[in-house]
Amino acid sequence: MGAPTEVEPPVTTAAGPRQLAHPTRDEIRLEGVLQALSDPVRLRVVRELATAESELSCSYFDLPVTKSTSTHHFRVLRESGVIRQVYRGTAKMNGVRREDLDALFPGLLDGVLTAAAGEAARLGTG
């Protein structure tokens, strides 16, 4: 019997206090993505991120919820695999994980974003 080998920590764990845990591509599940996108506030965030030319900070968003609720929404999006969050200095920057989502669920993100834009236009909510 050899000496026990060290087990590498899973990719989903944060490596330090300034790094956030994200699911690997293989850990992203359709039901988690759909649940994350089913909330109007989270869908609004993803719509804005999807049209942005670069990452956006959490403070960029003017959401109709408290700061703690906003933090919860970003966490749900990150933990479901919809967005990636990274610290840049003191700002937490956000971007859609389009490549991963398109590889796993072709057409899903574009379909949801198109439907959300159509609904917003129909309801006059922007």
# chains A, B, ... in the order shown; residues from 1 in each chain; ligands from 1
>>> closest_atom_pairs(of="range 19-68 of chain A", to="range 96-108 of chain A", cutoff="12 Å", atoms="only C-alpha atoms", output="CSV")
residue,atom,partner,partner_atom,distance
A:His22,CA,A:Arg97,CA,10.6
A:Pro23,CA,A:Asp100,CA,10.6
A:Thr24,CA,A:Asp100,CA,9.0
A:Arg25,CA,A:Asp100,CA,6.0
A:Asp26,CA,A:Leu104,CA,8.5
A:Glu27,CA,A:Leu104,CA,10.4
A:Ile28,CA,A:Leu104,CA,8.3
A:Arg29,CA,A:Leu104,CA,8.8
A:Leu30,CA,A:Phe105,CA,7.7
A:Glu31,CA,A:Phe105,CA,11.3
A:Gly32,CA,A:Leu101,CA,11.8
A:Val33,CA,A:Leu101,CA,8.9
A:Leu34,CA,A:Leu108,CA,9.4
A:Leu37,CA,A:Leu108,CA,10.9
A:Arg42,CA,A:Val96,CA,11.8
A:Leu43,CA,A:Val96,CA,11.5
A:Val45,CA,A:Val96,CA,9.6
A:Val46,CA,A:Val96,CA,6.9
A:Arg47,CA,A:Val96,CA,9.3
A:Glu48,CA,A:Val96,CA,9.6
A:Leu49,CA,A:Val96,CA,6.2
A:Ala50,CA,A:Val96,CA,6.2
A:Thr51,CA,A:Val96,CA,9.7
A:Ala52,CA,A:Val96,CA,9.6
A:Glu53,CA,A:Val96,CA,11.1
A:Ser54,CA,A:Val96,CA,9.9
A:Glu55,CA,A:Val96,CA,8.4
A:Leu56,CA,A:Val96,CA,10.0
>>> select_by_dssp(residues="chain A", states="strand (DSSP E)", output="list in words")
Leu56, Ser57, Ile83, Arg84, Gln85, Val86, Tyr87, Arg88, Ala91, Lys92, Met93, Asn94, Gly95 and Val96 of chain A
>>> residues_around(residues="Ser70 in chain A", least_positions_apart="6", cutoff="9 Å", atoms="only C-alpha atoms", output="list in words")
Val41, Arg42, Cys58, Leu63 and Pro64 of chain A
>>> write_last_selection(atoms="all heavy atoms", output="tab-separated table (two decimals), in the first residue's frame")
chain	number	residue	atom	x	y	z
A	41	VAL	N	-35.92	39.92	-12.32
A	41	VAL	CA	-34.73	40.72	-12.00
A	41	VAL	C	-33.49	40.06	-12.59
A	41	VAL	O	-32.65	40.72	-13.21
A	41	VAL	CB	-34.59	40.94	-10.48
A	41	VAL	CG1	-33.25	41.60	-10.14
A	41	VAL	CG2	-35.75	41.77	-9.95
A	42	ARG	N	-33.38	38.76	-12.42
A	42	ARG	CA	-32.21	38.05	-12.95
A	42	ARG	C	-32.22	38.08	-14.49
A	42	ARG	O	-31.17	38.25	-15.12
A	42	ARG	CB	-32.16	36.63	-12.42
A	42	ARG	CG	-31.89	36.58	-10.93
A	42	ARG	CD	-31.55	35.20	-10.42
A	42	ARG	NE	-32.64	34.26	-10.46
A	42	ARG	CZ	-33.41	33.95	-9.42
A	42	ARG	NH1	-33.21	34.52	-8.24
A	42	ARG	NH2	-34.36	33.05	-9.54
A	58	CYS	N	-21.37	44.92	-10.62
A	58	CYS	CA	-22.67	44.79	-9.94
A	58	CYS	C	-23.29	46.17	-9.72
A	58	CYS	O	-24.51	46.33	-9.82
A	58	CYS	CB	-22.51	44.07	-8.61
A	58	CYS	SG	-22.03	42.34	-8.77
A	63	LEU	N	-31.19	48.08	-9.90
A	63	LEU	CA	-32.25	47.09	-9.74
A	63	LEU	C	-33.26	47.54	-8.68
A	63	LEU	O	-32.89	48.20	-7.71
A	63	LEU	CB	-31.64	45.74	-9.34
A	63	LEU	CG	-30.60	45.18	-10.32
A	63	LEU	CD1	-29.98	43.91	-9.76
A	63	LEU	CD2	-31.23	44.93	-11.68
A	64	PRO	N	-34.52	47.14	-8.86
A	64	PRO	CA	-35.58	47.57	-7.93
A	64	PRO	C	-35.65	46.70	-6.67
A	64	PRO	O	-36.74	46.35	-6.21
A	64	PRO	CB	-36.84	47.42	-8.78
A	64	PRO	CG	-36.54	46.25	-9.66
A	64	PRO	CD	-35.07	46.38	-9.97
>>> atom_distance(atom1="CA of Arg84 in chain A", atom2="CA of Gly126 in chain A")
24.8 Å
>>> atom_distance(atom1="CA of Gly118 in chain A", atom2="CA of Ala36 in chain A")
19.3 Å
>>> atom_distance(atom1="CA of Val82 in chain A", atom2="CA of Leu20 in chain A")
13.9 Å
>>> select_by_dssp(residues="range 22-106 of chain A", states="alpha helix (DSSP H)", output="number ranges by chain")
A: 30-37, 40-51, 67-80, 98-104
>>> write_last_selection(atoms="C-alpha atoms", output="short mmCIF file (atom, residue, chain, number, x, y, z; two decimals), in the first residue's frame")
data_model
loop_
_atom_site.label_atom_id
_atom_site.label_comp_id
_atom_site.auth_asym_id
_atom_site.auth_seq_id
_atom_site.Cartn_x
_atom_site.Cartn_y
_atom_site.Cartn_z
CA LEU A 30 -30.67 22.95 -17.67
CA GLU A 31 -33.11 23.13 -14.76
CA GLY A 32 -30.74 25.41 -12.83
CA VAL A 33 -30.30 27.73 -15.81
CA LEU A 34 -34.05 27.88 -16.44
CA GLN A 35 -34.77 28.54 -12.78
CA ALA A 36 -32.18 31.33 -12.69
CA LEU A 37 -33.64 32.94 -15.81
CA PRO A 40 -37.60 38.97 -13.82
CA VAL A 41 -34.73 40.72 -12.00
CA ARG A 42 -32.21 38.05 -12.95
CA LEU A 43 -33.48 37.99 -16.54
CA ARG A 44 -33.06 41.77 -16.69
CA VAL A 45 -29.45 41.43 -15.52
CA VAL A 46 -28.70 38.76 -18.13
CA ARG A 47 -30.34 40.80 -20.89
CA GLU A 48 -28.11 43.77 -20.06
CA LEU A 49 -24.99 41.63 -19.76
CA ALA A 50 -25.71 39.90 -23.07
CA THR A 51 -25.77 43.22 -24.94
CA LYS A 67 -28.50 45.44 -2.06
CA SER A 68 -28.72 42.12 -0.22
CA THR A 69 -31.41 40.87 -2.61
CA SER A 70 -29.33 42.03 -5.56
CA THR A 71 -26.37 40.06 -4.17
CA HIS A 72 -28.62 37.00 -3.91
CA HIS A 73 -29.70 37.35 -7.56
CA PHE A 74 -26.10 37.58 -8.78
CA ARG A 75 -25.18 34.54 -6.66
CA VAL A 76 -28.03 32.49 -8.17
CA LEU A 77 -26.92 33.45 -11.68
CA ARG A 78 -23.29 32.54 -10.88
CA GLU A 79 -24.06 29.26 -9.12
CA SER A 80 -26.37 28.14 -11.94
CA ARG A 98 -22.34 32.40 -23.50
CA GLU A 99 -19.78 29.92 -24.81
CA ASP A 100 -20.62 27.36 -22.13
CA LEU A 101 -24.39 27.87 -22.41
CA ASP A 102 -24.35 27.71 -26.22
CA ALA A 103 -22.27 24.51 -26.15
CA LEU A 104 -24.56 22.81 -23.64
#
